[in-house]
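The file protein_21.tsv comes next; it holds TSV, N, CA and C atoms.
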```tsv
chain	number	residue	atom	x	y	z
A	20	MET	N	-194.71	-6.07	-2.12
A	20	MET	CA	-194.94	-6.76	-3.36
A	20	MET	C	-195.44	-5.82	-4.45
A	21	ASP	N	-196.24	-4.83	-4.05
A	21	ASP	CA	-196.78	-3.88	-5.03
A	21	ASP	C	-195.68	-3.02	-5.63
A	22	LYS	N	-194.68	-2.66	-4.81
A	22	LYS	CA	-193.59	-1.84	-5.33
A	22	LYS	C	-192.77	-2.62	-6.35
A	23	LYS	N	-192.61	-3.91	-6.09
A	23	LYS	CA	-191.85	-4.75	-7.04
A	23	LYS	C	-192.57	-4.82	-8.38
A	24	ASN	N	-193.87	-5.03	-8.33
A	24	ASN	CA	-194.64	-5.12	-9.58
A	24	ASN	C	-194.64	-3.79	-10.32
A	25	ALA	N	-194.77	-2.70	-9.59
A	25	ALA	CA	-194.75	-1.38	-10.23
A	25	ALA	C	-193.39	-1.11	-10.86
A	26	LEU	N	-192.33	-1.48	-10.15
A	26	LEU	CA	-190.98	-1.28	-10.68
A	26	LEU	C	-190.75	-2.14	-11.91
A	27	ARG	N	-191.24	-3.37	-11.86
A	27	ARG	CA	-191.09	-4.27	-13.01
A	27	ARG	C	-191.87	-3.75	-14.21
A	28	ALA	N	-193.08	-3.26	-13.99
A	28	ALA	CA	-193.90	-2.72	-15.09
A	28	ALA	C	-193.26	-1.47	-15.68
A	29	GLY	N	-192.72	-0.61	-14.81
A	29	GLY	CA	-192.05	0.60	-15.30
A	29	GLY	C	-190.81	0.28	-16.09
A	30	ALA	N	-190.03	-0.70	-15.63
A	30	ALA	CA	-188.83	-1.09	-16.35
A	30	ALA	C	-189.18	-1.70	-17.70
A	31	LEU	N	-190.24	-2.50	-17.73
A	31	LEU	CA	-190.67	-3.10	-18.99
A	31	LEU	C	-191.13	-2.03	-19.98
A	32	ALA	N	-191.91	-1.08	-19.50
A	32	ALA	CA	-192.40	0.00	-20.38
A	32	ALA	C	-191.23	0.85	-20.89
A	33	ALA	N	-190.29	1.18	-19.99
A	33	ALA	CA	-189.14	1.99	-20.41
A	33	ALA	C	-188.27	1.22	-21.39
A	34	GLY	N	-188.05	-0.06	-21.13
A	34	GLY	CA	-187.24	-0.86	-22.04
A	34	GLY	C	-187.87	-1.01	-23.40
A	35	THR	N	-189.19	-1.23	-23.42
A	35	THR	CA	-189.89	-1.36	-24.69
A	35	THR	C	-189.82	-0.06	-25.48
A	36	THR	N	-190.02	1.06	-24.80
A	36	THR	CA	-189.96	2.36	-25.47
A	36	THR	C	-188.56	2.62	-26.02
A	37	LEU	N	-187.55	2.32	-25.22
A	37	LEU	CA	-186.17	2.53	-25.66
A	37	LEU	C	-185.85	1.67	-26.86
A	38	MET	N	-186.26	0.42	-26.84
A	38	MET	CA	-185.99	-0.46	-27.98
A	38	MET	C	-186.70	0.01	-29.24
A	39	MET	N	-187.94	0.49	-29.09
A	39	MET	CA	-188.66	1.00	-30.25
A	39	MET	C	-187.96	2.21	-30.84
A	40	LEU	N	-187.45	3.08	-29.98
A	40	LEU	CA	-186.74	4.26	-30.47
A	40	LEU	C	-185.43	3.89	-31.15
A	41	LEU	N	-184.73	2.93	-30.59
A	41	LEU	CA	-183.43	2.55	-31.15
A	41	LEU	C	-183.58	1.76	-32.45
A	42	MET	N	-184.60	0.97	-32.56
A	42	MET	CA	-184.76	0.10	-33.73
A	42	MET	C	-185.47	0.79	-34.90
A	43	SER	N	-186.12	1.91	-34.66
A	43	SER	CA	-186.84	2.58	-35.74
A	43	SER	C	-185.86	3.31	-36.65
A	44	SER	N	-186.17	3.33	-37.91
A	44	SER	CA	-185.30	4.00	-38.88
A	44	SER	C	-185.80	5.42	-39.12
A	45	PRO	N	-184.94	6.29	-39.58
A	45	PRO	CA	-185.39	7.66	-39.85
A	45	PRO	C	-186.40	7.70	-40.99
A	46	ALA	N	-187.19	8.75	-41.01
A	46	ALA	CA	-188.28	8.85	-41.98
A	46	ALA	C	-187.78	9.14	-43.39
A	47	LEU	N	-186.62	9.72	-43.51
A	47	LEU	CA	-186.07	10.08	-44.82
A	47	LEU	C	-187.06	10.95	-45.61
A	48	ALA	N	-187.54	11.98	-44.97
A	48	ALA	CA	-188.57	12.82	-45.56
A	48	ALA	C	-188.03	13.67	-46.71
A	49	LEU	N	-186.74	13.87	-46.79
A	49	LEU	CA	-186.19	14.70	-47.85
A	49	LEU	C	-186.04	13.95	-49.16
A	50	THR	N	-186.08	12.63	-49.12
A	50	THR	CA	-185.93	11.83	-50.33
A	50	THR	C	-187.29	11.61	-50.96
A	51	ARG	N	-187.44	12.05	-52.19
A	51	ARG	CA	-188.72	11.90	-52.89
A	51	ARG	C	-188.84	10.49	-53.47
A	52	ASP	N	-190.05	9.95	-53.40
A	52	ASP	CA	-190.33	8.66	-54.01
A	52	ASP	C	-190.77	8.87	-55.45
A	53	ASP	N	-190.71	7.80	-56.24
A	53	ASP	CA	-191.20	7.89	-57.62
A	53	ASP	C	-192.70	8.14	-57.61
A	54	GLY	N	-193.14	9.07	-58.41
A	54	GLY	CA	-194.56	9.39	-58.48
A	54	GLY	C	-195.03	10.33	-57.39
A	55	ASP	N	-194.11	10.83	-56.58
A	55	ASP	CA	-194.47	11.74	-55.50
A	55	ASP	C	-194.81	13.10	-56.09
A	56	ASP	N	-195.99	13.60	-55.81
A	56	ASP	CA	-196.43	14.89	-56.34
A	56	ASP	C	-197.15	15.65	-55.24
A	57	PRO	N	-196.39	16.24	-54.31
A	57	PRO	CA	-197.05	16.95	-53.21
A	57	PRO	C	-197.72	18.23	-53.68
A	58	GLY	N	-198.81	18.56	-53.06
A	58	GLY	CA	-199.51	19.79	-53.38
A	58	GLY	C	-198.93	20.96	-52.61
A	59	LYS	N	-199.56	22.12	-52.74
A	59	LYS	CA	-199.07	23.28	-52.00
A	59	LYS	C	-199.44	23.12	-50.53
A	60	PRO	N	-198.63	23.65	-49.63
A	60	PRO	CA	-198.90	23.48	-48.20
A	60	PRO	C	-200.12	24.29	-47.76
A	61	LEU	N	-200.75	23.83	-46.68
A	61	LEU	CA	-201.91	24.52	-46.12
A	61	LEU	C	-201.45	25.58	-45.11
A	62	SER	N	-202.19	26.66	-45.03
A	62	SER	CA	-201.90	27.67	-44.02
A	62	SER	C	-202.45	27.19	-42.68
A	63	VAL	N	-202.14	27.91	-41.61
A	63	VAL	CA	-202.62	27.54	-40.28
A	63	VAL	C	-204.15	27.61	-40.24
A	64	ALA	N	-204.73	28.64	-40.83
A	64	ALA	CA	-206.18	28.79	-40.83
A	64	ALA	C	-206.85	27.65	-41.61
A	65	GLN	N	-206.27	27.28	-42.75
A	65	GLN	CA	-206.84	26.18	-43.53
A	65	GLN	C	-206.73	24.86	-42.78
A	66	THR	N	-205.62	24.64	-42.10
A	66	THR	CA	-205.43	23.41	-41.34
A	66	THR	C	-206.43	23.33	-40.19
A	67	LEU	N	-206.59	24.42	-39.44
A	67	LEU	CA	-207.56	24.44	-38.34
A	67	LEU	C	-208.98	24.24	-38.85
A	68	GLY	N	-209.30	24.89	-39.97
A	68	GLY	CA	-210.63	24.73	-40.53
A	68	GLY	C	-210.90	23.30	-40.98
A	69	LEU	N	-209.91	22.67	-41.60
A	69	LEU	CA	-210.07	21.33	-42.14
A	69	LEU	C	-210.12	20.28	-41.05
A	70	TYR	N	-209.27	20.39	-40.04
A	70	TYR	CA	-209.15	19.32	-39.05
A	70	TYR	C	-209.84	19.62	-37.71
A	71	VAL	N	-210.32	20.85	-37.51
A	71	VAL	CA	-211.00	21.18	-36.26
A	71	VAL	C	-212.42	21.67	-36.52
A	72	LEU	N	-212.58	22.70	-37.30
A	72	LEU	CA	-213.89	23.32	-37.47
A	72	LEU	C	-214.88	22.45	-38.26
A	73	ILE	N	-214.45	21.84	-39.34
A	73	ILE	CA	-215.36	21.01	-40.13
A	73	ILE	C	-215.84	19.80	-39.32
A	74	PRO	N	-214.95	19.06	-38.60
A	74	PRO	CA	-215.47	17.96	-37.77
A	74	PRO	C	-216.42	18.43	-36.66
A	75	LEU	N	-216.13	19.58	-36.03
A	75	LEU	CA	-217.04	20.10	-35.01
A	75	LEU	C	-218.39	20.47	-35.60
A	76	ALA	N	-218.38	21.06	-36.78
A	76	ALA	CA	-219.63	21.43	-37.44
A	76	ALA	C	-220.43	20.18	-37.81
A	77	LEU	N	-219.76	19.16	-38.32
A	77	LEU	CA	-220.45	17.91	-38.65
A	77	LEU	C	-221.04	17.27	-37.40
A	78	PHE	N	-220.30	17.27	-36.30
A	78	PHE	CA	-220.81	16.73	-35.05
A	78	PHE	C	-222.04	17.50	-34.60
A	79	ALA	N	-222.00	18.82	-34.68
A	79	ALA	CA	-223.14	19.64	-34.26
A	79	ALA	C	-224.36	19.38	-35.13
A	80	VAL	N	-224.17	19.24	-36.43
A	80	VAL	CA	-225.29	18.97	-37.34
A	80	VAL	C	-225.91	17.61	-37.04
A	81	ILE	N	-225.07	16.59	-36.87
A	81	ILE	CA	-225.59	15.25	-36.60
A	81	ILE	C	-226.30	15.21	-35.25
A	82	ALA	N	-225.71	15.83	-34.22
A	82	ALA	CA	-226.35	15.86	-32.91
A	82	ALA	C	-227.66	16.63	-32.97
A	83	GLY	N	-227.70	17.73	-33.69
A	83	GLY	CA	-228.93	18.49	-33.84
A	83	GLY	C	-230.02	17.71	-34.55
A	84	LEU	N	-229.65	16.98	-35.61
A	84	LEU	CA	-230.64	16.16	-36.31
A	84	LEU	C	-231.17	15.04	-35.42
A	85	VAL	N	-230.29	14.43	-34.64
A	85	VAL	CA	-230.74	13.36	-33.75
A	85	VAL	C	-231.71	13.91	-32.71
A	86	MET	N	-231.40	15.06	-32.14
A	86	MET	CA	-232.28	15.64	-31.12
A	86	MET	C	-233.59	16.12	-31.74
A	87	ALA	N	-233.52	16.70	-32.94
A	87	ALA	CA	-234.73	17.23	-33.57
A	87	ALA	C	-235.66	16.11	-34.04
A	88	LEU	N	-235.10	15.01	-34.49
A	88	LEU	CA	-235.92	13.94	-35.05
A	88	LEU	C	-236.23	12.85	-34.03
A	89	ASP	N	-235.87	13.06	-32.77
A	89	ASP	CA	-236.15	12.08	-31.72
A	89	ASP	C	-237.64	12.05	-31.44
A	90	LYS	N	-238.23	10.88	-31.58
A	90	LYS	CA	-239.68	10.74	-31.41
A	90	LYS	C	-240.07	10.29	-30.01
A	91	SER	N	-239.11	9.94	-29.19
A	91	SER	CA	-239.46	9.44	-27.86
A	91	SER	C	-239.93	10.59	-26.97
A	92	LYS	N	-240.80	10.24	-26.06
A	92	LYS	CA	-241.32	11.21	-25.08
A	92	LYS	C	-240.63	10.96	-23.75
A	93	ILE	N	-240.61	11.99	-22.92
A	93	ILE	CA	-240.07	11.81	-21.57
A	93	ILE	C	-241.14	11.09	-20.76
A	94	ARG	N	-240.78	9.94	-20.26
A	94	ARG	CA	-241.75	9.12	-19.53
A	94	ARG	C	-241.58	9.35	-18.04
A	95	THR	N	-242.65	9.81	-17.40
A	95	THR	CA	-242.64	10.00	-15.95
A	95	THR	C	-243.67	9.07	-15.34
A	96	VAL	N	-243.35	8.58	-14.16
A	96	VAL	CA	-244.27	7.70	-13.45
A	96	VAL	C	-245.20	8.57	-12.62
A	97	LYS	N	-246.49	8.35	-12.80
A	97	LYS	CA	-247.46	9.11	-12.03
A	97	LYS	C	-247.44	8.63	-10.59
A	98	PRO	N	-247.68	9.52	-9.64
A	98	PRO	CA	-247.64	9.11	-8.23
A	98	PRO	C	-248.61	7.99	-7.91
A	99	ALA	N	-249.80	7.98	-8.49
A	99	ALA	CA	-250.78	6.93	-8.20
A	99	ALA	C	-250.29	5.59	-8.72
A	100	ALA	N	-249.67	5.59	-9.89
A	100	ALA	CA	-249.16	4.35	-10.44
A	100	ALA	C	-247.98	3.82	-9.63
A	101	ALA	N	-247.18	4.74	-9.10
A	101	ALA	CA	-246.03	4.33	-8.29
A	101	ALA	C	-246.49	3.69	-6.99
A	102	LYS	N	-247.55	4.24	-6.38
A	102	LYS	CA	-248.07	3.67	-5.14
A	102	LYS	C	-248.68	2.31	-5.40
A	103	ALA	N	-249.38	2.16	-6.52
A	103	ALA	CA	-250.02	0.88	-6.83
A	103	ALA	C	-248.96	-0.18	-7.08
A	104	LYS	N	-247.86	0.18	-7.73
A	104	LYS	CA	-246.80	-0.78	-7.99
A	104	LYS	C	-246.10	-1.19	-6.69
A	105	SER	N	-245.84	-0.21	-5.84
A	105	SER	CA	-245.16	-0.53	-4.58
A	105	SER	C	-246.07	-1.34	-3.66
A	106	GLY	N	-247.38	-1.10	-3.71
A	106	GLY	CA	-248.32	-1.86	-2.89
A	106	GLY	C	-248.47	-3.28	-3.40
A	107	ALA	N	-248.35	-3.47	-4.70
A	107	ALA	CA	-248.49	-4.81	-5.28
A	107	ALA	C	-247.28	-5.67	-4.94
A	108	LYS	N	-246.12	-5.07	-4.82
A	108	LYS	CA	-244.91	-5.83	-4.52
A	108	LYS	C	-244.88	-6.28	-3.08
A	109	ALA	N	-245.42	-5.48	-2.18
A	109	ALA	CA	-245.33	-5.81	-0.74
A	109	ALA	C	-246.30	-6.86	-0.31
```
For the structure just supplied, provide its representation as structure tokens.
Amino acid sequence: MDKKNALRAGALAAGTTLMMLLMSSPALALTRDDGDDPGKPLSVAQTLGLYVLIPLALFAVIAGLVMALDKSKIRTVKPAAAKAKSGAKA
């Protein structure tokens, strides 16, 4: 029964993917729209800096601020308090 369900799910996924590919229209990227004013293209270094380095730097700054401004203390249970709690439960 499991093989039937797996085969059915695979066929459904493949059929859906095939239909999406067949029904989609081309992007027509060469045809300009009215009011289209593209800027100059970015270099590889600019693209990596914009989409990789800047988000990583922002993540590091936010994580650093959260860790630096964290006011909570590490709470440890003292052995005497742990024994008293376990003795009270029993």
Item to check | Å distance separating atom C of Asp21 (chain A) from atom N of Thr35 (chain A), one decimal place | outcome: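 Rounded to one decimal, the two atoms are 19.0 Å apart.
Pairwise distance (CA of Ala64 (chain A), CA of Ala76 (chain A)) equals 15.7 Å.
With CA of Lys59 (chain A) on one side and CA of Pro74 (chain A) on the other, the separation reads 22.4 Å.
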Take every atom of region 40-43 of chain A listed in the file, fit an axis-aligned box around them, add 3 Å per side, and give the centre and edge lengths in Å to one decimal as lines of an AutoDock Vina configuration file.
```
center_x = -185.4
center_y = 2.2
center_z = -33.3
size_x = 10.0
size_y = 10.2
size_z = 12.7
```
Take region 71-82 of chain A, model all heavy atoms, and hand the result over as a PDB file, keeping the file's coordinate frame.
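rebuild-v3.pdb written:
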```pdb
ATOM      1  N   VAL A  71    -210.320  20.850 -37.510  1.00  0.00           N
ATOM      2  CA  VAL A  71    -211.000  21.180 -36.260  1.00  0.00           C
ATOM      3  C   VAL A  71    -212.420  21.670 -36.520  1.00  0.00           C
ATOM      4  O   VAL A  71    -213.388  21.100 -35.985  1.00  0.00           O
ATOM      5  CB  VAL A  71    -210.207  22.237 -35.453  1.00  0.00           C
ATOM      6  CG1 VAL A  71    -210.964  22.637 -34.198  1.00  0.00           C
ATOM      7  CG2 VAL A  71    -208.827  21.710 -35.097  1.00  0.00           C
ATOM      8  N   LEU A  72    -212.580  22.700 -37.300  1.00  0.00           N
ATOM      9  CA  LEU A  72    -213.890  23.320 -37.470  1.00  0.00           C
ATOM     10  C   LEU A  72    -214.880  22.450 -38.260  1.00  0.00           C
ATOM     11  O   LEU A  72    -216.045  22.344 -37.864  1.00  0.00           O
ATOM     12  CB  LEU A  72    -213.737  24.686 -38.143  1.00  0.00           C
ATOM     13  CG  LEU A  72    -212.937  25.717 -37.323  1.00  0.00           C
ATOM     14  CD1 LEU A  72    -212.806  27.024 -38.097  1.00  0.00           C
ATOM     15  CD2 LEU A  72    -213.603  25.960 -35.992  1.00  0.00           C
ATOM     16  N   ILE A  73    -214.450  21.840 -39.340  1.00  0.00           N
ATOM     17  CA  ILE A  73    -215.360  21.010 -40.130  1.00  0.00           C
ATOM     18  C   ILE A  73    -215.840  19.800 -39.320  1.00  0.00           C
ATOM     19  O   ILE A  73    -217.051  19.524 -39.288  1.00  0.00           O
ATOM     20  CB  ILE A  73    -214.719  20.599 -41.466  1.00  0.00           C
ATOM     21  CG1 ILE A  73    -214.611  21.830 -42.374  1.00  0.00           C
ATOM     22  CG2 ILE A  73    -215.518  19.493 -42.150  1.00  0.00           C
ATOM     23  CD1 ILE A  73    -213.899  21.575 -43.685  1.00  0.00           C
ATOM     24  N   PRO A  74    -214.950  19.060 -38.600  1.00  0.00           N
ATOM     25  CA  PRO A  74    -215.470  17.960 -37.770  1.00  0.00           C
ATOM     26  C   PRO A  74    -216.420  18.430 -36.660  1.00  0.00           C
ATOM     27  O   PRO A  74    -217.421  17.768 -36.386  1.00  0.00           O
ATOM     28  CB  PRO A  74    -214.213  17.328 -37.175  1.00  0.00           C
ATOM     29  CG  PRO A  74    -213.152  17.646 -38.149  1.00  0.00           C
ATOM     30  CD  PRO A  74    -213.488  18.993 -38.676  1.00  0.00           C
ATOM     31  N   LEU A  75    -216.130  19.580 -36.030  1.00  0.00           N
ATOM     32  CA  LEU A  75    -217.040  20.100 -35.010  1.00  0.00           C
ATOM     33  C   LEU A  75    -218.390  20.470 -35.600  1.00  0.00           C
ATOM     34  O   LEU A  75    -219.436  20.213 -35.000  1.00  0.00           O
ATOM     35  CB  LEU A  75    -216.417  21.300 -34.301  1.00  0.00           C
ATOM     36  CG  LEU A  75    -215.310  20.988 -33.295  1.00  0.00           C
ATOM     37  CD1 LEU A  75    -214.705  22.275 -32.753  1.00  0.00           C
ATOM     38  CD2 LEU A  75    -215.844  20.140 -32.168  1.00  0.00           C
ATOM     39  N   ALA A  76    -218.380  21.060 -36.780  1.00  0.00           N
ATOM     40  CA  ALA A  76    -219.630  21.430 -37.440  1.00  0.00           C
ATOM     41  C   ALA A  76    -220.430  20.180 -37.810  1.00  0.00           C
ATOM     42  O   ALA A  76    -221.656  20.143 -37.624  1.00  0.00           O
ATOM     43  CB  ALA A  76    -219.352  22.275 -38.676  1.00  0.00           C
ATOM     44  N   LEU A  77    -219.760  19.160 -38.320  1.00  0.00           N
ATOM     45  CA  LEU A  77    -220.450  17.910 -38.650  1.00  0.00           C
ATOM     46  C   LEU A  77    -221.040  17.270 -37.400  1.00  0.00           C
ATOM     47  O   LEU A  77    -222.170  16.769 -37.414  1.00  0.00           O
ATOM     48  CB  LEU A  77    -219.490  16.928 -39.327  1.00  0.00           C
ATOM     49  CG  LEU A  77    -219.184  17.207 -40.788  1.00  0.00           C
ATOM     50  CD1 LEU A  77    -218.080  16.296 -41.284  1.00  0.00           C
ATOM     51  CD2 LEU A  77    -220.422  17.033 -41.632  1.00  0.00           C
ATOM     52  N   PHE A  78    -220.300  17.270 -36.300  1.00  0.00           N
ATOM     53  CA  PHE A  78    -220.810  16.730 -35.050  1.00  0.00           C
ATOM     54  C   PHE A  78    -222.040  17.500 -34.600  1.00  0.00           C
ATOM     55  O   PHE A  78    -223.037  16.906 -34.188  1.00  0.00           O
ATOM     56  CB  PHE A  78    -219.729  16.804 -33.965  1.00  0.00           C
ATOM     57  CG  PHE A  78    -220.211  16.352 -32.624  1.00  0.00           C
ATOM     58  CD1 PHE A  78    -220.330  15.013 -32.328  1.00  0.00           C
ATOM     59  CD2 PHE A  78    -220.571  17.278 -31.654  1.00  0.00           C
ATOM     60  CE1 PHE A  78    -220.787  14.592 -31.092  1.00  0.00           C
ATOM     61  CE2 PHE A  78    -221.034  16.874 -30.415  1.00  0.00           C
ATOM     62  CZ  PHE A  78    -221.137  15.524 -30.142  1.00  0.00           C
ATOM     63  N   ALA A  79    -222.000  18.820 -34.680  1.00  0.00           N
ATOM     64  CA  ALA A  79    -223.140  19.640 -34.260  1.00  0.00           C
ATOM     65  C   ALA A  79    -224.360  19.380 -35.130  1.00  0.00           C
ATOM     66  O   ALA A  79    -225.486  19.276 -34.625  1.00  0.00           O
ATOM     67  CB  ALA A  79    -222.756  21.121 -34.292  1.00  0.00           C
ATOM     68  N   VAL A  80    -224.170  19.240 -36.430  1.00  0.00           N
ATOM     69  CA  VAL A  80    -225.290  18.970 -37.340  1.00  0.00           C
ATOM     70  C   VAL A  80    -225.910  17.610 -37.040  1.00  0.00           C
ATOM     71  O   VAL A  80    -227.138  17.476 -36.941  1.00  0.00           O
ATOM     72  CB  VAL A  80    -224.835  19.068 -38.812  1.00  0.00           C
ATOM     73  CG1 VAL A  80    -225.873  18.493 -39.761  1.00  0.00           C
ATOM     74  CG2 VAL A  80    -224.524  20.512 -39.182  1.00  0.00           C
ATOM     75  N   ILE A  81    -225.070  16.590 -36.870  1.00  0.00           N
ATOM     76  CA  ILE A  81    -225.590  15.250 -36.600  1.00  0.00           C
ATOM     77  C   ILE A  81    -226.300  15.210 -35.250  1.00  0.00           C
ATOM     78  O   ILE A  81    -227.398  14.654 -35.130  1.00  0.00           O
ATOM     79  CB  ILE A  81    -224.453  14.208 -36.659  1.00  0.00           C
ATOM     80  CG1 ILE A  81    -223.956  14.072 -38.097  1.00  0.00           C
ATOM     81  CG2 ILE A  81    -224.914  12.857 -36.127  1.00  0.00           C
ATOM     82  CD1 ILE A  81    -222.689  13.269 -38.240  1.00  0.00           C
ATOM     83  N   ALA A  82    -225.710  15.830 -34.220  1.00  0.00           N
ATOM     84  CA  ALA A  82    -226.350  15.860 -32.910  1.00  0.00           C
ATOM     85  C   ALA A  82    -227.660  16.630 -32.970  1.00  0.00           C
ATOM     86  O   ALA A  82    -228.667  16.224 -32.358  1.00  0.00           O
ATOM     87  CB  ALA A  82    -225.412  16.490 -31.881  1.00  0.00           C
TER      88      ALA A  82
END
```
